[in-house]
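Encoded as structure tokens, the structure appears first; notes follow it.
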Amino acid sequence: MAFIEVRNLSKRYTMGENIIIANNNLNFEIEKGEFALIIGPSGAGKSTFLNILGGMDRASDGSILIDGKDITKLNERELTSYRRYDMGFVFQFYNLMPNLTALENVELATQIVKNAKNPKEVLRDVGLEDRMNSFPSQLSGGEQQRVSIARAVAKNPKLLMCDEPTGALDYKTGKQVLSLLKDLSRTTGTTVIVITHNKAIAPAADRVIEIADAKIRKVTVNKNPETIDSIEW
Ligand SMILES: Nc1ncnc2c1ncn2[C@@H]1O[C@H](COP(=O)(O)OP(=O)(O)OP(=O)(O)O)[C@@H](O)[C@H]1O
């Protein structure tokens with residue numbers, strides 16, 4: 001059994017008299033420790049899927065098994081625990097607390113879990129050893145995204161989900177952040193799922209799930225993925 005198994009997953013939104021099918025019978029798997037991409041054009045249904053996988057929204061039909069547990073069957077209380085203990089989130093716009101330093105932002109996240117990593121060590125791992133006491137406004141976009149990755153990783157999640165993590169970054173900084181995310185999957189065994197519009201980075205992923213018009217178009221498994229550094233776009 002794969003670490004993540006998505007089975008016949010659908011999500012419909014009702015808007016007045018219209019029904020919008022945002023995810024239409026998705027089926028795919030992701031193995032533990034993979035660096036996986038979910039790729040597709042705007043409106044394809046990527047964020048909808050991520051919201052269900054992240055326990056922030058409910059599926060209309062189907063199931064998602066994570067480590068054998070069907071998260072679509074969890075009640076509200078169980079979903080809260082799932083989001084708290086099992087998930088790490090990285091968003092496009094970092095969402096750091098502006099009045100807390102980098103270290104304090106990471107420490108805050110570690111206070112809600114049981115087996116947290118050491119915040120200073122995680123910040124060192126993402127290359128911010130010298131910037132721990134800086135406030136977000138004193139950091140570049142790339143550095144702020146590193147803090148948000150450290151914050152997610154410090155919770156020691158089973159799964160790290162990243163929604164357009166390089167969307168607000170320039171080319172070079174975006175590459176560094178993607179390399180960091182891929183390295184984390186390698187060094188910590190955390191399963192990393194990145195949502196992106198950028199098809200060019202597909203050869204660097206272990207698995208690429210292409211979504212279009214709410215459906216899976218293609219799933220590609222790369223046995224020998226390229227490095228992020230070797231790819232140009
Ligand atoms: N809460 C909602 N209520 C109604 N419709 C929604 C809702 N969320 C998403 N949709 C619709 O579902 C479809 C898929 O949207 P979704 O945000 O998942 O796409 P996406 O692939 O993430 O796009 P983008 O790359 O632009 O973020 C779209 O038609 C969108 O309008």
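Identifiers in this document derive from the order of the structure tokens: chains are assigned A, B, ..., residues are numbered from 1 separately in each chain, and ligands are numbered from 1 in order of occurrence.
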Could you report the residues within 6 Å of ligand 1, using only C-alpha atoms and all ligand atoms, as a PyMOL selection string? chain A and resi 13+22+41-48
Write out as JSON, numbers by chain each polymer residue whose atoms come within 7 Å of stretch 138-147 of chain A, counting only C-alpha atoms; drop sequence neighbours fewer than 4 positions from it. {"A": [94, 102, 123, 126, 134, 151, 169, 173]}
Please save N, CA and C atoms of the selected residues as a PDB file, in the first residue's frame.
ATOM      1  N   TYR A  94       4.089  33.170   2.598  1.00  0.00           N
ATOM      2  CA  TYR A  94       4.824  32.914   3.847  1.00  0.00           C
ATOM      3  C   TYR A  94       3.945  32.895   5.103  1.00  0.00           C
ATOM      4  N   ALA A 102      12.286  35.399  13.442  1.00  0.00           N
ATOM      5  CA  ALA A 102      12.299  34.118  12.716  1.00  0.00           C
ATOM      6  C   ALA A 102      12.240  32.963  13.709  1.00  0.00           C
ATOM      7  N   LEU A 123      16.279  25.978  11.732  1.00  0.00           N
ATOM      8  CA  LEU A 123      16.625  27.241  11.059  1.00  0.00           C
ATOM      9  C   LEU A 123      18.050  27.179  10.501  1.00  0.00           C
ATOM     10  N   VAL A 126      17.993  25.275   7.226  1.00  0.00           N
ATOM     11  CA  VAL A 126      17.509  25.999   6.036  1.00  0.00           C
ATOM     12  C   VAL A 126      18.407  27.203   5.711  1.00  0.00           C
ATOM     13  N   SER A 134      16.060  38.029  13.390  1.00  0.00           N
ATOM     14  CA  SER A 134      15.499  39.073  12.527  1.00  0.00           C
ATOM     15  C   SER A 134      13.980  38.937  12.470  1.00  0.00           C
ATOM     16  N   ARG A 151       9.421  26.548   9.849  1.00  0.00           N
ATOM     17  CA  ARG A 151       8.269  26.478  10.761  1.00  0.00           C
ATOM     18  C   ARG A 151       7.457  25.204  10.509  1.00  0.00           C
ATOM     19  N   LEU A 169       8.623  34.573  -5.582  1.00  0.00           N
ATOM     20  CA  LEU A 169      10.080  34.701  -5.547  1.00  0.00           C
ATOM     21  C   LEU A 169      10.669  34.842  -6.943  1.00  0.00           C
ATOM     22  N   THR A 173      16.036  32.642  -6.506  1.00  0.00           N
ATOM     23  CA  THR A 173      15.589  32.346  -5.147  1.00  0.00           C
ATOM     24  C   THR A 173      14.573  31.204  -5.161  1.00  0.00           C
TER      25      THR A 173
END
Mind checking DSSP for stretch 34-123 of chain A and telling me the strand (DSSP E) residues as a PyMOL selection string? chain A and resi 35-39+61-66+69-70+87-90
What would the file look like if the residues just selected were written as an mmCIF file, in the first residue's frame with N, CA and C atoms?
data_model
loop_
_atom_site.group_PDB
_atom_site.id
_atom_site.type_symbol
_atom_site.label_atom_id
_atom_site.label_comp_id
_atom_site.auth_asym_id
_atom_site.auth_seq_id
_atom_site.Cartn_x
_atom_site.Cartn_y
_atom_site.Cartn_z
ATOM 1 N N PHE A 35 9.347 13.473 -3.401
ATOM 2 C CA PHE A 35 9.200 14.882 -3.731
ATOM 3 C C PHE A 35 8.259 14.898 -4.932
ATOM 4 N N ALA A 36 6.980 15.196 -4.677
ATOM 5 C CA ALA A 36 5.947 15.059 -5.713
ATOM 6 C C ALA A 36 5.417 16.420 -6.128
ATOM 7 N N LEU A 37 5.133 16.550 -7.400
ATOM 8 C CA LEU A 37 4.557 17.806 -7.914
ATOM 9 C C LEU A 37 3.125 17.571 -8.354
ATOM 10 N N ILE A 38 2.275 18.543 -8.083
ATOM 11 C CA ILE A 38 0.943 18.569 -8.672
ATOM 12 C C ILE A 38 0.910 19.783 -9.585
ATOM 13 N N ILE A 39 0.765 19.507 -10.873
ATOM 14 C CA ILE A 39 0.906 20.546 -11.888
ATOM 15 C C ILE A 39 -0.396 20.693 -12.653
ATOM 16 N N ASP A 61 -17.011 12.948 -2.557
ATOM 17 C CA ASP A 61 -16.998 11.488 -2.712
ATOM 18 C C ASP A 61 -15.559 11.006 -2.680
ATOM 19 N N GLY A 62 -15.400 9.703 -2.409
ATOM 20 C CA GLY A 62 -14.084 9.092 -2.511
ATOM 21 C C GLY A 62 -13.320 9.142 -1.205
ATOM 22 N N SER A 63 -12.071 8.693 -1.256
ATOM 23 C CA SER A 63 -11.279 8.617 -0.030
ATOM 24 C C SER A 63 -9.819 8.985 -0.282
ATOM 25 N N ILE A 64 -9.158 9.402 0.796
ATOM 26 C CA ILE A 64 -7.699 9.598 0.761
ATOM 27 C C ILE A 64 -7.127 8.828 1.942
ATOM 28 N N LEU A 65 -6.374 7.786 1.651
ATOM 29 C CA LEU A 65 -5.733 7.018 2.721
ATOM 30 C C LEU A 65 -4.323 7.557 2.911
ATOM 31 N N ILE A 66 -3.999 7.919 4.150
ATOM 32 C CA ILE A 66 -2.631 8.335 4.467
ATOM 33 C C ILE A 66 -2.125 7.394 5.538
ATOM 34 N N LYS A 69 -4.811 5.374 6.910
ATOM 35 C CA LYS A 69 -5.951 6.007 7.607
ATOM 36 C C LYS A 69 -6.737 6.869 6.612
ATOM 37 N N ASP A 70 -8.044 6.654 6.548
ATOM 38 C CA ASP A 70 -8.872 7.420 5.604
ATOM 39 C C ASP A 70 -9.224 8.783 6.210
ATOM 40 N N MET A 87 0.526 17.397 9.455
ATOM 41 C CA MET A 87 0.702 18.251 8.291
ATOM 42 C C MET A 87 1.643 19.420 8.550
ATOM 43 N N GLY A 88 2.444 19.739 7.545
ATOM 44 C CA GLY A 88 3.162 21.008 7.552
ATOM 45 C C GLY A 88 2.744 21.755 6.301
ATOM 46 N N PHE A 89 2.480 23.044 6.419
ATOM 47 C CA PHE A 89 2.019 23.827 5.274
ATOM 48 C C PHE A 89 3.015 24.925 4.942
ATOM 49 N N VAL A 90 3.223 25.106 3.642
ATOM 50 C CA VAL A 90 4.014 26.247 3.169
ATOM 51 C C VAL A 90 3.176 26.927 2.091
#
Residues near A:Ile216, cut-off 10 Å, only C-alpha atoms, skip fewer than 3 positions along chain, as a PyMOL selection string: chain A and resi 23-28+38-40+44-45+209-213+219
Find the residues around stretch 156-167 of chain A up to 7 Å (only C-alpha atoms counted), leave out those fewer than 5 positions away in its own chain, and share them as a PDB file with C-alpha atoms, in the first residue's frame.
ATOM      1  CA  TYR A  85       0.357  16.797  14.094  1.00  0.00           C
ATOM      2  CA  ASP A  86       0.565  15.267  10.640  1.00  0.00           C
ATOM      3  CA  MET A  87       0.702  18.251   8.291  1.00  0.00           C
ATOM      4  CA  GLY A  88       3.162  21.008   7.552  1.00  0.00           C
ATOM      5  CA  PHE A  89       2.019  23.827   5.274  1.00  0.00           C
ATOM      6  CA  VAL A  90       4.014  26.247   3.169  1.00  0.00           C
ATOM      7  CA  PHE A  91       2.092  28.950   1.318  1.00  0.00           C
ATOM      8  CA  GLN A  92       2.970  31.367  -1.456  1.00  0.00           C
ATOM      9  CA  ASN A 115       7.639  15.624  18.910  1.00  0.00           C
ATOM     10  CA  ALA A 116       8.876  18.945  17.604  1.00  0.00           C
ATOM     11  CA  LYS A 117      12.368  19.431  16.272  1.00  0.00           C
ATOM     12  CA  GLY A 174      12.729  30.130  -6.323  1.00  0.00           C
ATOM     13  CA  THR A 190       9.276  13.652   4.799  1.00  0.00           C
ATOM     14  CA  THR A 191       6.868  13.362   1.885  1.00  0.00           C
ATOM     15  CA  VAL A 192       6.834  16.739   0.130  1.00  0.00           C
ATOM     16  CA  ILE A 193       4.019  17.756  -2.212  1.00  0.00           C
ATOM     17  CA  VAL A 194       4.453  20.945  -4.209  1.00  0.00           C
ATOM     18  CA  ILE A 195       1.677  22.585  -6.194  1.00  0.00           C
ATOM     19  CA  THR A 196       2.924  24.633  -9.114  1.00  0.00           C
TER      20      THR A 196
END
Name the residues of stretch 25-218 of chain A that come out as helix (DSSP H, G or I) in a backbone DSSP run; write them as a PyMOL selection string. chain A and resi 46-53+71-73+76-86+102-110+119-125+129-131+136-138+141-154+171-188+199-204
From A:Asn105, A:Thr110, A:Thr227, A:Asn18, residue lying nearest A:Ser179 [only C-alpha atoms]: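 Answer, going by the shortest atom-to-atom distance: A:Thr227.
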With a distance cut-off of 10 Å and only C-alpha atoms, select the neighbouring residues of A:Ile71, excluding the residue or stretch itself and same-chain residues fewer than 4 positions from it, and output the selection as a VMD selection string. chain A and resid 52 to 55 58 to 59 63 to 67 75 78 to 79 82
Exercise: A:Glu104 partners within 9 Å, only C-alpha atoms, chain neighbours under 6 positions left out, as a PyMOL selection string: chain A and resi 97+119+132-133
Selection export as a compact mmCIF listing (two decimals), in the first residue's frame, atoms kept: C-alpha atoms:
# COMPACT_ATOMS: atom_id res chain seq x y z
CA MET A 97 3.78 36.61 12.32
CA PRO A 119 13.78 25.35 16.19
CA MET A 132 17.26 33.86 13.63
CA ASN A 133 16.69 37.07 15.52
Tell me, as a PyMOL selection string, which residues lie within 8 Å of A:Ala109, counting only C-alpha atoms; anything in the same chain fewer than 2 positions away does not count. chain A and resi 105-107+111-113+151-152+154-155
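Distances here use only C-alpha atoms; by that measure, the residue among A:Ser60, A:Thr80, A:Asn99, A:Asn198 closest to A:Leu9 is A:Ser60.
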Suppose you want the space between atom CA of A:Leu178 and atom CA of A:Val122; what is it in Å?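 Atom CA of A:Val122 lies at a distance of 16.6 Å from atom CA of A:Leu178.
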Report, in Å with one decimal, the straight-line distance from atom CA of A:Phe135 to atom CA of A:Lys120.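 Atom-to-atom, atom CA of A:Phe135 to atom CA of A:Lys120, that is 15.1 Å.
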Kindly indicate which residue among A:Leu181, A:Leu108, A:Ile19, A:Leu103 lies nearest to A:Leu128, using only C-alpha atoms for the distances.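 Under the stated criterion, the closest residue is A:Leu103.
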I need the residue nearest A:Phe93 from this list: A:Ser148, A:Arg131, A:Met56, A:Ala205. Use only C-alpha atoms for the distance.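 When distances to A:Phe93 are compared using only C-alpha atoms, the smallest one comes from A:Ser148.
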